[in-house]
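Visitor: After the structure tokens below, expect a handful of questions from me.
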Number of protein chains: 6
Amino acid sequence: MIDKVFLRKKLSEFLEEDIGYKDITTDNLDLDKNVEGFFIAKGSGIVAGTVFVKEVFNILGDADFQSFKKDGDYISKGEIVGVVYGNCKSVLKGERVSLNILQRLSGIATLTNLYVKQLEGTKTKLLDTRKTTPGFRAFEKYAVKVGGGENHRFGLYDMVMIKDNHIALVGSIKEVVKQVKSKVSPMVKIEVEVGDFQQLYEALETEVDIIMLDNMSVEQVKEAVEIVGGSKLVEVSGNITLENIRDYALCNPDFISTGSIVHSAKWLDISLKLNTGGV
Amino acid sequence: MIDKVFLRKKLSEFLEEDIGYKDITTDNLDLDKNVEGFFIAKGSGIVAGTVFVKEVFNILGDADFQSFKKDGDYISKGEIVGVVYGNCKSVLKGERVSLNILQRLSGIATLTNLYVKQLEGTKTKLLDTRKTTPGFRAFEKYAVKVGGGENHRFGLYDMVMIKDNHIALVGSIKEVVKQVKSKVSPMVKIEVEVGDFQQLYEALETEVDIIMLDNMSVEQVKEAVEIVGGSKLVEVSGNITLENIRDYALCNPDFISTGSIVHSAKWLDISLKLNTGGV
Amino acid sequence: MIDKVFLRKKLSEFLEEDIGYKDITTDNLDLDKNVEGFFIAKGSGIVAGTVFVKEVFNILGDADFQSFKKDGDYISKGEIVGVVYGNCKSVLKGERVSLNILQRLSGIATLTNLYVKQLEGTKTKLLDTRKTTPGFRAFEKYAVKVGGGENHRFGLYDMVMIKDNHIALVGSIKEVVKQVKSKVSPMVKIEVEVGDFQQLYEALETEVDIIMLDNMSVEQVKEAVEIVGGSKLVEVSGNITLENIRDYALCNPDFISTGSIVHSAKWLDISLKLNTGGV
Amino acid sequence: MIDKVFLRKKLSEFLEEDIGYKDITTDNLDLDKNVEGFFIAKGSGIVAGTVFVKEVFNILGDADFQSFKKDGDYISKGEIVGVVYGNCKSVLKGERVSLNILQRLSGIATLTNLYVKQLEGTKTKLLDTRKTTPGFRAFEKYAVKVGGGENHRFGLYDMVMIKDNHIALVGSIKEVVKQVKSKVSPMVKIEVEVGDFQQLYEALETEVDIIMLDNMSVEQVKEAVEIVGGSKLVEVSGNITLENIRDYALCNPDFISTGSIVHSAKWLDISLKLNTGGV
Amino acid sequence: MIDKVFLRKKLSEFLEEDIGYKDITTDNLDLDKNVEGFFIAKGSGIVAGTVFVKEVFNILGDADFQSFKKDGDYISKGEIVGVVYGNCKSVLKGERVSLNILQRLSGIATLTNLYVKQLEGTKTKLLDTRKTTPGFRAFEKYAVKVGGGENHRFGLYDMVMIKDNHIALVGSIKEVVKQVKSKVSPMVKIEVEVGDFQQLYEALETEVDIIMLDNMSVEQVKEAVEIVGGSKLVEVSGNITLENIRDYALCNPDFISTGSIVHSAKWLDISLKLNTGGV
Amino acid sequence: MIDKVFLRKKLSEFLEEDIGYKDITTDNLDLDKNVEGFFIAKGSGIVAGTVFVKEVFNILGDADFQSFKKDGDYISKGEIVGVVYGNCKSVLKGERVSLNILQRLSGIATLTNLYVKQLEGTKTKLLDTRKTTPGFRAFEKYAVKVGGGENHRFGLYDMVMIKDNHIALVGSIKEVVKQVKSKVSPMVKIEVEVGDFQQLYEALETEVDIIMLDNMSVEQVKEAVEIVGGSKLVEVSGNITLENIRDYALCNPDFISTGSIVHSAKWLDISLKLNTGGV
């Protein structure tokens, strides 16, 4: 769950983006009754975001959301995600933001879960990346976890990731590690990306915590994992698909990361059905 | 193009989300040289977002982006989108936000364009919806336009859209239109969603500008467009796919809208390749 | 009514502008009792803003405002607008912001209403403009509606208005309309300003929704309305006064717009009278 | 002049209020030439706000404003306030915010100046109040100074003002002064409002810096000023008009304050005339 | 007490600085019980900040703080400041911000109080300065008052302080006072800093309210106070220590100011002890 | 160095806190000349914050700061830190914020350095804590690094720290580690606080990265470090002083952490001396 202080700030911004100064349809109607509305799945998958929908209606006020599914539950087409009850204006004004969050996050959780299932029986964990929608990262990373994945770093501030460009600019992996080590907090982990075996051997001589094998074939990964031999954590990255992820996992890396669980996820179809007869 | 005052505020937030208080990899290296970096397409499609990448590097400072492609241009795998030149730290710190914007928006523009091509030779225009990523709507709607689509309303504040729930709550289309008309600015357009022919006939007797045919079959849309006979604008919505959009368009509605051009778009693969030898 | 999320953000800014870090008079007194305070009209007119005063005291807490008049009601000198009851410190700290909103908005509503009364029996509606106090537009436009007027566009983002400068820069009305039409959302209305009959005829050949007759005499407006003949909506603008507005209205335009209902409105005198004996 | 850090924040908010995500008229035109635009007075009065207009165009960029009049100069109908030169899109997008600031502030400066002229030859200075448009106070108080008036306190935080309600709630002027004195910073001035001579005598026995005579007749003020005899500063407030202000001033109070210079000021008519032929 | 609107904004920022998007320790535990936690003094001194701790837990929700000590009370090592009761996650997430406020402010109040005690029996009051931690000034100045000191100006906006540099740049004290007097609000006090007796005599001929004797010896201060003879308020500043402050005070200045009560204060040691057995 | 986007936001807030809407002393003087100002050390120590002073004057504009010392350099009383040159109003308005940053941060760097020197010849590194001034953490942690210390976690979001309360609430170290491990990103390090040897042995059986020995004597630390035997990193915390830190370091822990380098640091005395004769 995202912290409430941070969450309320972000959700207020999302509501203001959609509502602006006024909902000129709903707020111009003579309506003052309570309704109940059911969030119904039009597709099947893993639900994510119900905890945020609850807070959306808390911010709008005069309406309350109760979830029938917990984030992470599987939902089948036709099942009810949850129910909102309250003043019909609040319900109508919170509908779109709630659905946009719920559909986007459930889509990510669902796709993530497909990848995670391919890893069953292996020691490999699925990681996300920083390839997220600007401004929405904390939510998308939350959905990855709901789907069974793990979060890689949140930004440039909470972990060191030495990439090909850093190495090329500084000259060698050893020199990059040396420079970073001398300046960075010892409380953060350091990962280095290697693109071939020469770099792998160089990385193994440094004090990095994790080695990322970038864009290697299954065969290369297999060999690399054996070379590392458990002396460092190993992450596999690059061109991972639902089809090939298991082959990579069977090479026994600690992690496989892919941005596609976020950037290629389609929304899970969910809609709000109002019981306009009231209750 | 998004207005600069609004744009700088949003891009600053996006950069802060990614960088936080510091890039603990790049900012801990002894680097002080200029580099040039090429944004290279790893897939093919319509480019969108170059105008924002330019501003990302303006905000970071010490680096400048020049685009080889204009937003809306087709790009083939392997072609160069543009080049950034400047201090290597600024380039590295702006990389991810730039790519996230460029890949997400180009993905939307590309998918939108596929739909738009299905409408060739018809009078029908493609519209987006409010199904967008929270906090990122102005950018996603920009990409729809780049791809050849048109923008539906931006939020609840700039157009009246009378939906099934409004009608059910108030009692009838006529009564909703009457109430809204008496309060809303005459400068905004009014659209009403109808789900069957009885509602269609009722809507035709009101002063709404646009009628949305919701979830109708191709045959129903054909008949409905004939009934309207040009007296109002007609929008078709619901269950639109790349496969069926042309069939709907051949019924001659003014607009077909679909959220899928945004929520089902996959990112166009683009990466940044640095010339670390400098220039 | 302005949406609550937006409203709370603005009212909090207004309160912070006035109170800063502390009310160094009130907060330095040993006071801890409840009082009731009566907002009393010192002049007569149309009340506007009571809905915002209620929220001002909600934000401050420990005090509640009950309105005896609804926004839009006529109030006579000496009558009570409403009563606030609660902790005396909250009441005193919310006094000035509440009064500034109430007096400014009631002044606008009252002046607007004078103009609106001149239109009685005609088909013409009164419109406001974008000539508003920076940062306070949503409130001032709300007051116009309370006074019986209608809102023109809220900003440069929600409607197209082609003015003399656009025409002069691009070359012709037709060319401006063509360029805008090809790019703008079909969901927004388009208005063009014409200064003479030649421009009027040119505008009539385009697909604009509304034609604004700028700075024309009553006679010219009469002729122009007849030329348009109901094929487009007609707005009259420029040099409108309380004295001449009815003459213009009798020419049967759809709208007459004037910034003076906002920028020339004097505050309605209202004061807060505390029952300091408590209750 | 308002400080630049504070100013840029406010002006950016004002621009965003007007422009939103985009100017859908101007930004949808194929325009890319420079223009010059003349701000021309359509009425006569004291100019105020040119320093802010300059910053508006600095923020928008690609345009520069040069003022022909300094804030405080008298301008006659038909004279030019200043000229903006730059990209026509920036000029058009900054037009309304610039004019709203310039017209509103020049209106206040002009009305203020009328009052100030009535005080010529007396020792009395004109003061404003906290009756200002919410969110726009610093600008309106700036205009008062431009017109020759002086600023009273900016908010509840920078000066102690003991009003009738404080006195009634605490019990006596002496007790209020005692309580405040014991807690407030000795660096701020203390003013007390008195409504009759009994309160005046009580106030004179305290250590307040200024005594405000509230709603007294000219005769009462005359007597009160004599009673005070220069031992404290004296401010006259309540029901001040252009007609009676000189009579009050001839009683020799130090200050006369009135909110009407702000809340009853009508805008000075100023418009922007573009030289669309370019230069 | 700091005003609530301002306070909630600042405390929310402080909480977000510490918690970010999530407390990845506490929020990842299966905890859902209420606890009570005791804020216990590990040192002795004057308590300050309990009013803010209460609001910290109000913002976090699900937890409530009750103070056993009022701000300004003396607390001995081992005594309890107050108790928080509520959901253990809220308690743990609010712990550090609460303690940082409480310890920092109590440290300032305690040190301030040591200085204030040195002034007992004299007419001299202790003042703080603008030497405060950026972003935290209102809180630190609050603590000074809790400790028995008084607040000097809050910023450059609420009082005139003419310093050596102003005098040197303009040419003379008289000229600075003349220029400022002609422009500044008459509602703010004016203070001038003098470094020697020549400047003192010059200052005495102006209308300033307060004269600051800067960096003078005890003997010089004694003489200066006699010269002023009560005609102006006198502030002593520069190199004030706990050891010498009484000597200065015995010269009878109105104020002695020192930044050291803020910038040299060490935190009062306070810790939170949870009763994890629940209640 | 703190990232520029984040930095400009914070420094703008700091400047607005101090300046408000206007510097009513400086901005009311007829000054328009350039001056140079020297930041001069009045005490000796390690300089920190010059990089921020440069940006303060960039934001204010019309003035530029050049540092003669790099952050981390030792400065002796009387030496010059750097020089600002530019418009005298910008210089005067940026003076206090610049000094507050420079003095506070140099004080922290100087005290940190005293502790670091005690560690010379040992393998132990000095760590800071989350005991920082609310809103100013990134700056204070920057100063710790300048002084030769290392940064512990920045907040609750970037590292897991299992403390006594977590253990007491959940029941055992093993259970806490198990719960956290199952949920937290594998990319963050995990530290556990142990208070005795039983907890130490329990912690050694878990997969935590770092063990913090809380409030142990030198003898206990010596024994604990031997028990751990290099299998985990060891941090010593609690009651660390300048006097005892070396004794602890000689026990060979990896880290010793103390909040006192921040919360007990006194400001390094630095002042700005203007060359008001201009240049």
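Ligands are numbered from 1 in the order shown, chains are lettered A, B, ... in the order of the structure tokens, and residues start at 1 in each chain.
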Counting only C-alpha atoms, which residues of chain E come no farther than 7 Å from chain F, as a count of residues only?
Guide: 38
Visitor: Out of range 35-228 of chain E, which residues get helix (DSSP H, G or I) from DSSP, as a VMD selection string?
Guide: chain E and resid 50 to 60 88 to 118 137 to 146 164 to 170 173 to 183 197 to 204 218 to 228
Visitor: Residues of range 103-271 of chain F classed as strand (DSSP E) by DSSP on the backbone are to be reported as a VMD selection string.
Guide: chain F and resid 125 to 127 160 to 162 190 to 194 210 to 214 233 to 237 255 to 257 270 to 271
Visitor: Within 6 Å of Tyr85 in chain B, counting only C-alpha atoms, which residues show up once you throw out same-chain ones fewer than 5 positions away? Write them as JSON, numbers by chain, please.
Guide: {"B": [35, 36, 63, 64]}
Visitor: Go ahead and dump the residues you just picked, all heavy atoms, as a JSON list (two decimals), in the first residue's frame.
Guide:
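Wrote result-v8.json, looks like this:
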[["chain", "number", "residue", "atom", "x", "y", "z"],
["B", 35, "VAL", "N", 28.74, 14.69, -24.39],
["B", 35, "VAL", "CA", 28.51, 13.51, -25.24],
["B", 35, "VAL", "C", 27.37, 13.82, -26.19],
["B", 35, "VAL", "O", 26.61, 14.76, -25.99],
["B", 35, "VAL", "CB", 28.11, 12.26, -24.42],
["B", 35, "VAL", "CG1", 29.28, 11.79, -23.59],
["B", 35, "VAL", "CG2", 26.89, 12.54, -23.58],
["B", 36, "GLU", "N", 27.26, 13.00, -27.21],
["B", 36, "GLU", "CA", 26.05, 13.07, -28.01],
["B", 36, "GLU", "C", 25.36, 11.73, -27.91],
["B", 36, "GLU", "O", 26.02, 10.68, -27.80],
["B", 36, "GLU", "CB", 26.33, 13.47, -29.46],
["B", 36, "GLU", "CG", 27.18, 12.51, -30.26],
["B", 36, "GLU", "CD", 27.42, 12.99, -31.69],
["B", 36, "GLU", "OE1", 27.00, 14.11, -32.06],
["B", 36, "GLU", "OE2", 28.06, 12.24, -32.45],
["B", 63, "ALA", "N", 22.30, 20.66, -21.87],
["B", 63, "ALA", "CA", 22.12, 19.66, -22.93],
["B", 63, "ALA", "C", 20.99, 20.14, -23.83],
["B", 63, "ALA", "O", 20.05, 20.78, -23.38],
["B", 63, "ALA", "CB", 21.77, 18.30, -22.35],
["B", 64, "ASP", "N", 21.09, 19.79, -25.09],
["B", 64, "ASP", "CA", 20.09, 20.24, -26.05],
["B", 64, "ASP", "C", 19.69, 19.08, -26.97],
["B", 64, "ASP", "O", 20.54, 18.30, -27.41],
["B", 64, "ASP", "CB", 20.66, 21.40, -26.88],
["B", 64, "ASP", "CG", 19.62, 21.98, -27.81],
["B", 64, "ASP", "OD1", 18.50, 22.26, -27.34],
["B", 64, "ASP", "OD2", 19.91, 22.14, -29.01]]
Visitor: In Å, how far is it from CA of Gly147 in chain B to CA of Ile46 in chain B?
Guide: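 The value is 6.8 Å.
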Visitor: I'd like the neighbourhood of range 205-208 of chain F as a list in words, where a residue qualifies if any of its atoms comes within 8 Å (using only C-alpha atoms), though same-chain residues fewer than 4 positions away should be ignored.
Guide: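 Once the adjacent positions are removed, what remains is Lys174, Val177, Lys189, Ile190, Glu191, Val192, Tyr201 and Lys232 of chain F.
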Visitor: Can you list, as a PyMOL selection string, every protein, DNA or RNA residue that comes within 12 Å of Lys54 in chain A when you count only C-alpha atoms, leaving out same-chain residues fewer than 5 positions away?
Guide: chain A and resi 4+7-8+11+49+59-61+63-68+70+81-85+91+94-95+97-99+101-102
Visitor: Just to confirm, what's the straight-line distance from CA of Ser90 in chain D to CA of Val51 in chain D in Å (one decimal)?
Guide: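 Rounded to one decimal, the two atoms are 17.5 Å apart.
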